[in-house]
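Coordinates as given in data.cif (mmCIF, C-alpha atoms):
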data_final
#
loop_
_atom_site.label_atom_id
_atom_site.label_comp_id
_atom_site.auth_asym_id
_atom_site.auth_seq_id
_atom_site.Cartn_x
_atom_site.Cartn_y
_atom_site.Cartn_z
CA MET S 1 -6.41 2.12 2.48
CA ARG S 2 -6.04 0.90 -1.09
CA VAL S 3 -6.10 -2.87 -1.69
CA GLY S 4 -6.47 -2.95 -5.48
CA ARG S 5 -8.17 -1.58 -8.57
CA VAL S 6 -11.03 -2.85 -10.73
CA GLY S 7 -9.43 -4.39 -13.81
CA ARG S 8 -10.65 -6.07 -16.98
CA PRO S 9 -13.71 -8.31 -16.91
CA HIS S 10 -13.09 -12.02 -16.31
CA GLY S 11 -15.70 -14.40 -17.66
CA LEU S 12 -19.35 -13.67 -18.32
CA ASP S 13 -20.57 -13.64 -14.72
CA GLY S 14 -19.65 -10.05 -13.84
CA ALA S 15 -16.30 -10.89 -12.24
CA PHE S 16 -13.21 -8.76 -12.86
CA VAL S 17 -9.47 -9.12 -12.33
CA VAL S 18 -8.14 -7.13 -9.37
CA GLU S 19 -5.17 -5.09 -10.53
CA GLU S 20 -2.42 -4.05 -8.08
CA ALA S 21 -4.00 -6.45 -5.57
CA SER S 22 -3.06 -6.53 -1.90
CA GLU S 23 -0.83 -9.42 -0.88
CA ASP S 24 -3.44 -10.29 1.76
CA ALA S 25 -5.55 -12.74 -0.26
CA SER S 26 -8.28 -12.75 2.43
CA ARG S 27 -9.23 -9.22 1.30
CA PHE S 28 -10.89 -10.89 -1.71
CA ASP S 29 -12.59 -13.89 -0.04
CA VAL S 30 -16.33 -14.37 -0.50
CA GLY S 31 -18.05 -12.26 2.14
CA ALA S 32 -15.20 -9.75 2.48
CA ARG S 33 -16.27 -6.11 2.62
CA LEU S 34 -14.53 -3.59 0.37
CA ARG S 35 -15.15 0.03 -0.48
CA VAL S 36 -15.44 1.16 -4.08
CA ASN S 37 -15.16 4.92 -4.45
CA GLY S 38 -16.11 5.17 -0.78
CA GLU S 39 -19.23 2.97 -1.02
CA GLU S 40 -19.30 -0.41 0.72
CA ALA S 41 -19.56 -3.56 -1.41
CA ALA S 42 -19.35 -7.29 -0.63
CA VAL S 43 -17.37 -9.95 -2.49
CA VAL S 44 -19.87 -12.54 -3.77
CA LEU S 45 -17.51 -14.61 -5.96
CA SER S 46 -13.76 -15.11 -5.75
CA ARG S 47 -11.31 -17.12 -7.81
CA ARG S 48 -7.67 -17.15 -8.85
CA VAL S 49 -6.70 -16.56 -12.46
CA GLY S 50 -3.41 -16.35 -14.40
CA ARG S 51 -0.31 -15.96 -12.23
CA GLY S 52 -2.47 -16.34 -9.10
CA ARG S 53 -4.18 -12.97 -9.47
CA PRO S 54 -7.59 -12.61 -7.82
CA ALA S 55 -10.75 -12.23 -9.88
CA ILE S 56 -13.83 -11.24 -7.91
CA LYS S 57 -17.44 -10.23 -8.36
CA LEU S 58 -19.04 -7.69 -6.06
CA ASP S 59 -22.68 -7.40 -5.01
CA ARG S 60 -23.07 -4.42 -7.34
CA VAL S 61 -21.74 -3.22 -10.68
CA VAL S 62 -18.51 -1.22 -10.46
CA GLU S 63 -16.65 0.81 -13.03
CA ARG S 64 -13.32 -0.38 -14.41
CA GLY S 65 -10.43 1.57 -12.90
CA SER S 66 -12.24 2.21 -9.60
CA GLU S 67 -10.11 1.96 -6.47
CA LEU S 68 -10.82 -0.86 -4.03
CA THR S 69 -10.14 0.19 -0.46
CA VAL S 70 -10.67 -0.85 3.14
CA LEU S 71 -10.86 1.36 6.19
CA ARG S 72 -7.55 1.69 8.02
CA ALA S 73 -9.30 0.60 11.24
CA GLU S 74 -10.24 -2.72 9.58
CA LEU S 75 -6.62 -3.69 8.99
CA PRO S 76 -4.75 -5.89 11.44
CA LEU S 77 -1.95 -4.29 13.39
CA PRO S 78 1.31 -4.67 11.48
CA GLU S 79 4.09 -6.82 12.90
CA PRO S 80 6.59 -4.94 15.12
CA GLY S 81 8.98 -3.04 12.86
CA SER S 82 6.54 -3.22 9.93
CA TYR S 83 4.36 -0.39 8.66
CA TYR S 84 1.58 0.19 6.18
CA VAL S 85 2.50 2.47 3.28
CA ALA S 86 -0.37 4.78 4.30
CA ASP S 87 1.26 5.18 7.73
CA LEU S 88 4.56 6.35 6.18
CA VAL S 89 3.25 8.69 3.49
CA GLY S 90 3.39 12.28 4.74
CA LEU S 91 6.04 11.66 7.40
CA GLU S 92 8.97 14.08 7.56
CA VAL S 93 12.36 12.46 6.93
CA VAL S 94 15.39 13.74 8.85
CA GLU S 95 18.94 12.50 9.31
CA THR S 96 20.16 11.63 12.80
CA ASP S 97 21.87 15.06 12.96
CA GLY S 98 18.50 16.73 12.37
CA GLU S 99 19.00 17.70 8.72
CA ARG S 100 15.65 17.61 6.91
CA LEU S 101 15.63 15.52 3.72
CA GLY S 102 11.97 15.82 2.74
CA VAL S 103 8.56 14.18 3.14
CA VAL S 104 7.63 10.60 2.23
CA MET S 105 5.47 10.68 -0.93
CA ASP S 106 5.33 6.91 -1.59
CA VAL S 107 6.95 3.58 -0.84
CA LEU S 108 8.25 1.91 -3.99
CA PRO S 109 8.57 -1.87 -4.12
CA GLY S 110 12.02 -3.19 -5.00
CA ILE S 111 13.67 -6.52 -5.66
CA ALA S 112 15.94 -6.49 -2.60
CA ASN S 113 14.07 -3.92 -0.50
CA ASP S 114 11.43 -1.23 -0.74
CA ALA S 115 12.43 2.44 -1.02
CA LEU S 116 11.02 5.62 0.47
CA GLU S 117 10.32 8.16 -2.28
CA LEU S 118 10.61 11.70 -0.95
CA ASP S 119 9.05 14.90 -2.30
CA THR S 120 12.59 16.13 -2.97
CA GLY S 121 13.22 13.28 -5.43
CA LEU S 122 15.40 11.28 -3.04
CA LEU S 123 14.97 7.51 -2.87
CA LEU S 124 16.06 5.98 0.43
CA PRO S 125 16.31 2.21 0.96
CA LEU S 126 13.85 0.87 3.51
CA VAL S 127 16.52 -1.13 5.34
CA GLU S 128 17.72 -1.14 8.93
CA ASP S 129 21.12 0.38 8.01
CA CYS S 130 19.34 3.45 6.61
CA VAL S 131 16.12 3.83 8.61
CA ARG S 132 16.98 4.29 12.28
CA ASP S 133 13.53 5.12 13.65
CA VAL S 134 9.94 5.49 12.51
CA ASP S 135 7.97 7.63 14.92
CA LEU S 136 4.28 7.65 13.97
CA VAL S 137 3.43 9.93 16.92
CA GLN S 138 6.01 12.60 16.01
CA ARG S 139 5.26 11.88 12.30
CA ARG S 140 8.87 11.48 11.25
CA VAL S 141 11.40 9.00 9.97
CA VAL S 142 14.99 9.27 11.19
CA VAL S 143 17.63 7.99 8.77
CA ALA S 144 21.37 7.48 9.03
CA PRO S 145 23.60 9.98 7.25
CA GLY S 146 25.23 8.92 3.99
CA PHE S 147 22.16 7.64 2.16
CA SER S 148 21.28 10.92 0.50
CA ASP S 149 23.35 12.54 -2.23
CA HIS S 150 23.25 16.04 -0.73
CA GLY S 151 26.41 15.71 1.29
#
So, in terms of structure tokens, how does the structure I just supplied come out?
Amino acid sequence: MRVGRVGRPHGLDGAFVVEEASEDASRFDVGARLRVNGEEAAVVLSRRVGRGRPAIKLDRVVERGSELTVLRAELPLPEPGSYYVADLVGLEVVETDGERLGVVMDVLPGIANDALELDTGLLLPLVEDCVRDVDLVQRRVVVAPGFSDHG
């Protein structure tokens, strides 16, 4: 699961700014284990830079632009009613009457709420009025009618 990307160098000690960093700051603590292009690496230096962004150094040299990930199994269970983006991507989206609207491609952050981006181009607000059920076992999201523009 993606937690950031290797950004521009910060300082002369081999540290770099983490771009698109996870909100979970502990991911970048000294001693934390990350994966860079699938290979495990350890955080050996961690600091905060402009606007509170993390800057870290890993125990090996990494290429700028590389994805920083953690294994899904290493993540804590989300709070009830909360989901990781990776859990939602790929789920089929249907209205309560069974009409298929598409498949979740991404979850886009918003000011008031996040939105489900579907492969059909639809954006659905990730709010209780719209999303009626998320069923990870059946791999589908059930939404209330009236939020899509097909009707």
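For the residues S:Leu91, S:Leu45, S:Val85, S:Ala32, ranking by smallest atom-to-atom distance to Pro109 (chain S) using only C-alpha atoms places S:Val85 first.
The smallest atom-to-atom distance between Val61 (chain S) and any of S:Ala115, S:Thr120, S:Val6, S:Pro80, using all atoms listed in the file, is found for S:Val6.
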I'd like to know which of S:Val70, S:Leu108, S:Leu116, S:Val44 is closest to Arg2 (chain S), using all atoms listed in the file. S:Val70
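Here CA of Glu19 (chain S) is placed at a distance of 29.2 Å from CA of Leu136 (chain S).
Within the file as shown, the PyMOL selection byres ((chain S and resi 53) around 9) identifies Val17, Val18, Glu19, Ala21, Arg47, Arg48, Val49, Gly50, Arg51, Gly52, Pro54 and Ala55 of chain S.
Each of S:Asp97, S:Glu39, S:Glu20, S:Glu117 was compared to Val3 (chain S) using only C-alpha atoms, and S:Glu20 turns out to be the nearest.
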From the block you just saw, export region 17-148 of chain S: C-alpha atoms, as a PDB file, in the first residue's frame.
ATOM      1  CA  VAL S  17      11.339  15.007   1.153  1.00  0.00           C
ATOM      2  CA  VAL S  18       8.495  12.476   1.086  1.00  0.00           C
ATOM      3  CA  GLU S  19       5.952  13.601  -1.496  1.00  0.00           C
ATOM      4  CA  GLU S  20       2.278  12.608  -1.193  1.00  0.00           C
ATOM      5  CA  ALA S  21       3.084  11.360   2.320  1.00  0.00           C
ATOM      6  CA  SER S  22       0.703   9.245   4.375  1.00  0.00           C
ATOM      7  CA  GLU S  23      -1.108  11.110   7.137  1.00  0.00           C
ATOM      8  CA  ASP S  24       0.240   8.484   9.556  1.00  0.00           C
ATOM      9  CA  ALA S  25       3.467  10.220  10.612  1.00  0.00           C
ATOM     10  CA  SER S  26       4.719   7.060  12.357  1.00  0.00           C
ATOM     11  CA  ARG S  27       5.316   5.533   8.896  1.00  0.00           C
ATOM     12  CA  PHE S  28       8.412   7.772   8.709  1.00  0.00           C
ATOM     13  CA  ASP S  29       9.803   7.393  12.258  1.00  0.00           C
ATOM     14  CA  VAL S  30      13.394   6.227  12.698  1.00  0.00           C
ATOM     15  CA  GLY S  31      13.345   2.433  12.590  1.00  0.00           C
ATOM     16  CA  ALA S  32      10.173   2.197  10.484  1.00  0.00           C
ATOM     17  CA  ARG S  33      10.311  -0.337   7.653  1.00  0.00           C
ATOM     18  CA  LEU S  34       9.228   0.726   4.173  1.00  0.00           C
ATOM     19  CA  ARG S  35       9.393  -0.885   0.768  1.00  0.00           C
ATOM     20  CA  VAL S  36      10.956   0.929  -2.162  1.00  0.00           C
ATOM     21  CA  ASN S  37      10.092  -0.674  -5.488  1.00  0.00           C
ATOM     22  CA  GLY S  38       9.315  -3.846  -3.547  1.00  0.00           C
ATOM     23  CA  GLU S  39      12.614  -3.966  -1.613  1.00  0.00           C
ATOM     24  CA  GLU S  40      12.625  -3.441   2.151  1.00  0.00           C
ATOM     25  CA  ALA S  41      14.409  -0.379   3.566  1.00  0.00           C
ATOM     26  CA  ALA S  42      14.650   1.144   7.052  1.00  0.00           C
ATOM     27  CA  VAL S  43      14.254   4.796   8.026  1.00  0.00           C
ATOM     28  CA  VAL S  44      17.537   5.910   9.646  1.00  0.00           C
ATOM     29  CA  LEU S  45      16.818   9.653   9.919  1.00  0.00           C
ATOM     30  CA  SER S  46      13.528  11.525  10.142  1.00  0.00           C
ATOM     31  CA  ARG S  47      12.664  15.203  10.433  1.00  0.00           C
ATOM     32  CA  ARG S  48       9.909  17.648   9.578  1.00  0.00           C
ATOM     33  CA  VAL S  49      10.484  20.342   6.972  1.00  0.00           C
ATOM     34  CA  GLY S  50       8.374  23.140   5.442  1.00  0.00           C
ATOM     35  CA  ARG S  51       4.635  22.844   6.092  1.00  0.00           C
ATOM     36  CA  GLY S  52       5.268  19.824   8.340  1.00  0.00           C
ATOM     37  CA  ARG S  53       6.249  17.498   5.508  1.00  0.00           C
ATOM     38  CA  PRO S  54       8.464  14.546   6.413  1.00  0.00           C
ATOM     39  CA  ALA S  55      12.049  14.328   5.203  1.00  0.00           C
ATOM     40  CA  ILE S  56      13.719  10.971   5.744  1.00  0.00           C
ATOM     41  CA  LYS S  57      16.886   9.065   4.963  1.00  0.00           C
ATOM     42  CA  LEU S  58      16.790   5.341   4.299  1.00  0.00           C
ATOM     43  CA  ASP S  59      19.482   2.747   4.942  1.00  0.00           C
ATOM     44  CA  ARG S  60      20.207   2.631   1.219  1.00  0.00           C
ATOM     45  CA  VAL S  61      20.216   4.973  -1.761  1.00  0.00           C
ATOM     46  CA  VAL S  62      16.872   5.270  -3.544  1.00  0.00           C
ATOM     47  CA  GLU S  63      15.921   6.874  -6.814  1.00  0.00           C
ATOM     48  CA  ARG S  64      13.822  10.044  -6.884  1.00  0.00           C
ATOM     49  CA  GLY S  65      10.230   9.291  -7.881  1.00  0.00           C
ATOM     50  CA  SER S  66      10.278   5.766  -6.395  1.00  0.00           C
ATOM     51  CA  GLU S  67       7.116   4.682  -4.602  1.00  0.00           C
ATOM     52  CA  LEU S  68       7.278   4.125  -0.853  1.00  0.00           C
ATOM     53  CA  THR S  69       4.937   1.361   0.241  1.00  0.00           C
ATOM     54  CA  VAL S  70       4.081  -0.883   3.173  1.00  0.00           C
ATOM     55  CA  LEU S  71       2.490  -4.299   3.078  1.00  0.00           C
ATOM     56  CA  ARG S  72      -1.279  -4.222   3.575  1.00  0.00           C
ATOM     57  CA  ALA S  73      -0.890  -6.734   6.421  1.00  0.00           C
ATOM     58  CA  GLU S  74       1.330  -4.235   8.295  1.00  0.00           C
ATOM     59  CA  LEU S  75      -1.402  -1.618   8.460  1.00  0.00           C
ATOM     60  CA  PRO S  76      -3.644  -1.309  11.495  1.00  0.00           C
ATOM     61  CA  LEU S  77      -7.276  -2.226  11.049  1.00  0.00           C
ATOM     62  CA  PRO S  78      -9.248   0.849  10.025  1.00  0.00           C
ATOM     63  CA  GLU S  79     -11.864   2.285  12.359  1.00  0.00           C
ATOM     64  CA  PRO S  80     -15.396   0.881  11.861  1.00  0.00           C
ATOM     65  CA  GLY S  81     -16.925   2.585   8.827  1.00  0.00           C
ATOM     66  CA  SER S  82     -13.486   3.619   7.527  1.00  0.00           C
ATOM     67  CA  TYR S  83     -11.604   1.993   4.664  1.00  0.00           C
ATOM     68  CA  TYR S  84      -8.213   2.142   3.019  1.00  0.00           C
ATOM     69  CA  VAL S  85      -8.253   3.407  -0.563  1.00  0.00           C
ATOM     70  CA  ALA S  86      -6.634   0.126  -1.655  1.00  0.00           C
ATOM     71  CA  ASP S  87      -9.623  -1.755  -0.187  1.00  0.00           C
ATOM     72  CA  LEU S  88     -12.101   0.262  -2.286  1.00  0.00           C
ATOM     73  CA  VAL S  89     -10.281   0.311  -5.627  1.00  0.00           C
ATOM     74  CA  GLY S  90     -11.673  -2.414  -7.878  1.00  0.00           C
ATOM     75  CA  LEU S  91     -15.017  -2.733  -6.093  1.00  0.00           C
ATOM     76  CA  GLU S  92     -18.157  -2.752  -8.230  1.00  0.00           C
ATOM     77  CA  VAL S  93     -20.544   0.135  -7.538  1.00  0.00           C
ATOM     78  CA  VAL S  94     -24.295  -0.483  -7.749  1.00  0.00           C
ATOM     79  CA  GLU S  95     -27.369   1.502  -6.767  1.00  0.00           C
ATOM     80  CA  THR S  96     -29.755   0.073  -4.186  1.00  0.00           C
ATOM     81  CA  ASP S  97     -32.037  -1.069  -7.057  1.00  0.00           C
ATOM     82  CA  GLY S  98     -29.153  -3.112  -8.481  1.00  0.00           C
ATOM     83  CA  GLU S  99     -28.231  -0.807 -11.382  1.00  0.00           C
ATOM     84  CA  ARG S 100     -24.489  -1.049 -12.044  1.00  0.00           C
ATOM     85  CA  LEU S 101     -22.679   2.308 -12.129  1.00  0.00           C
ATOM     86  CA  GLY S 102     -19.097   1.132 -12.622  1.00  0.00           C
ATOM     87  CA  VAL S 103     -15.936   0.129 -10.768  1.00  0.00           C
ATOM     88  CA  VAL S 104     -13.987   2.238  -8.262  1.00  0.00           C
ATOM     89  CA  MET S 105     -10.755   3.419  -9.925  1.00  0.00           C
ATOM     90  CA  ASP S 106      -9.573   5.816  -7.193  1.00  0.00           C
ATOM     91  CA  VAL S 107     -10.639   7.817  -4.161  1.00  0.00           C
ATOM     92  CA  LEU S 108     -10.087  11.536  -4.672  1.00  0.00           C
ATOM     93  CA  PRO S 109      -9.545  13.784  -1.654  1.00  0.00           C
ATOM     94  CA  GLY S 110     -11.932  16.718  -1.352  1.00  0.00           C
ATOM     95  CA  ILE S 111     -12.423  19.721   0.883  1.00  0.00           C
ATOM     96  CA  ALA S 112     -15.729  18.605   2.395  1.00  0.00           C
ATOM     97  CA  ASN S 113     -15.507  14.885   1.615  1.00  0.00           C
ATOM     98  CA  ASP S 114     -13.638  12.385  -0.516  1.00  0.00           C
ATOM     99  CA  ALA S 115     -15.149  11.104  -3.771  1.00  0.00           C
ATOM    100  CA  LEU S 116     -15.203   7.709  -5.433  1.00  0.00           C
ATOM    101  CA  GLU S 117     -13.923   7.978  -9.012  1.00  0.00           C
ATOM    102  CA  LEU S 118     -15.473   5.293 -11.205  1.00  0.00           C
ATOM    103  CA  ASP S 119     -14.183   3.815 -14.465  1.00  0.00           C
ATOM    104  CA  THR S 120     -17.267   5.295 -16.139  1.00  0.00           C
ATOM    105  CA  GLY S 121     -16.181   8.839 -15.240  1.00  0.00           C
ATOM    106  CA  LEU S 122     -18.710   9.233 -12.428  1.00  0.00           C
ATOM    107  CA  LEU S 123     -17.633  10.909  -9.194  1.00  0.00           C
ATOM    108  CA  LEU S 124     -19.689   9.898  -6.167  1.00  0.00           C
ATOM    109  CA  PRO S 125     -19.364  11.640  -2.787  1.00  0.00           C
ATOM    110  CA  LEU S 126     -18.021   9.402  -0.051  1.00  0.00           C
ATOM    111  CA  VAL S 127     -20.739  10.422   2.408  1.00  0.00           C
ATOM    112  CA  GLU S 128     -23.332   8.446   4.341  1.00  0.00           C
ATOM    113  CA  ASP S 129     -26.243   9.875   2.290  1.00  0.00           C
ATOM    114  CA  CYS S 130     -24.704   8.406  -0.872  1.00  0.00           C
ATOM    115  CA  VAL S 131     -22.799   5.283   0.204  1.00  0.00           C
ATOM    116  CA  ARG S 132     -25.221   2.845   1.821  1.00  0.00           C
ATOM    117  CA  ASP S 133     -22.942  -0.175   2.195  1.00  0.00           C
ATOM    118  CA  VAL S 134     -19.375  -1.239   1.543  1.00  0.00           C
ATOM    119  CA  ASP S 135     -19.107  -5.002   1.291  1.00  0.00           C
ATOM    120  CA  LEU S 136     -15.460  -6.070   1.049  1.00  0.00           C
ATOM    121  CA  VAL S 137     -16.438  -9.755   0.906  1.00  0.00           C
ATOM    122  CA  GLN S 138     -18.868  -9.326  -2.022  1.00  0.00           C
ATOM    123  CA  ARG S 139     -16.471  -6.671  -3.453  1.00  0.00           C
ATOM    124  CA  ARG S 140     -19.123  -4.030  -4.008  1.00  0.00           C
ATOM    125  CA  VAL S 141     -20.291  -0.623  -2.894  1.00  0.00           C
ATOM    126  CA  VAL S 142     -24.026   0.050  -2.726  1.00  0.00           C
ATOM    127  CA  VAL S 143     -25.054   3.673  -3.252  1.00  0.00           C
ATOM    128  CA  ALA S 144     -28.353   5.501  -2.989  1.00  0.00           C
ATOM    129  CA  PRO S 145     -30.068   6.475  -6.235  1.00  0.00           C
ATOM    130  CA  GLY S 146     -29.892  10.111  -7.334  1.00  0.00           C
ATOM    131  CA  PHE S 147     -26.144  10.648  -7.057  1.00  0.00           C
ATOM    132  CA  SER S 148     -25.328   9.667 -10.623  1.00  0.00           C
TER     133      SER S 148
END
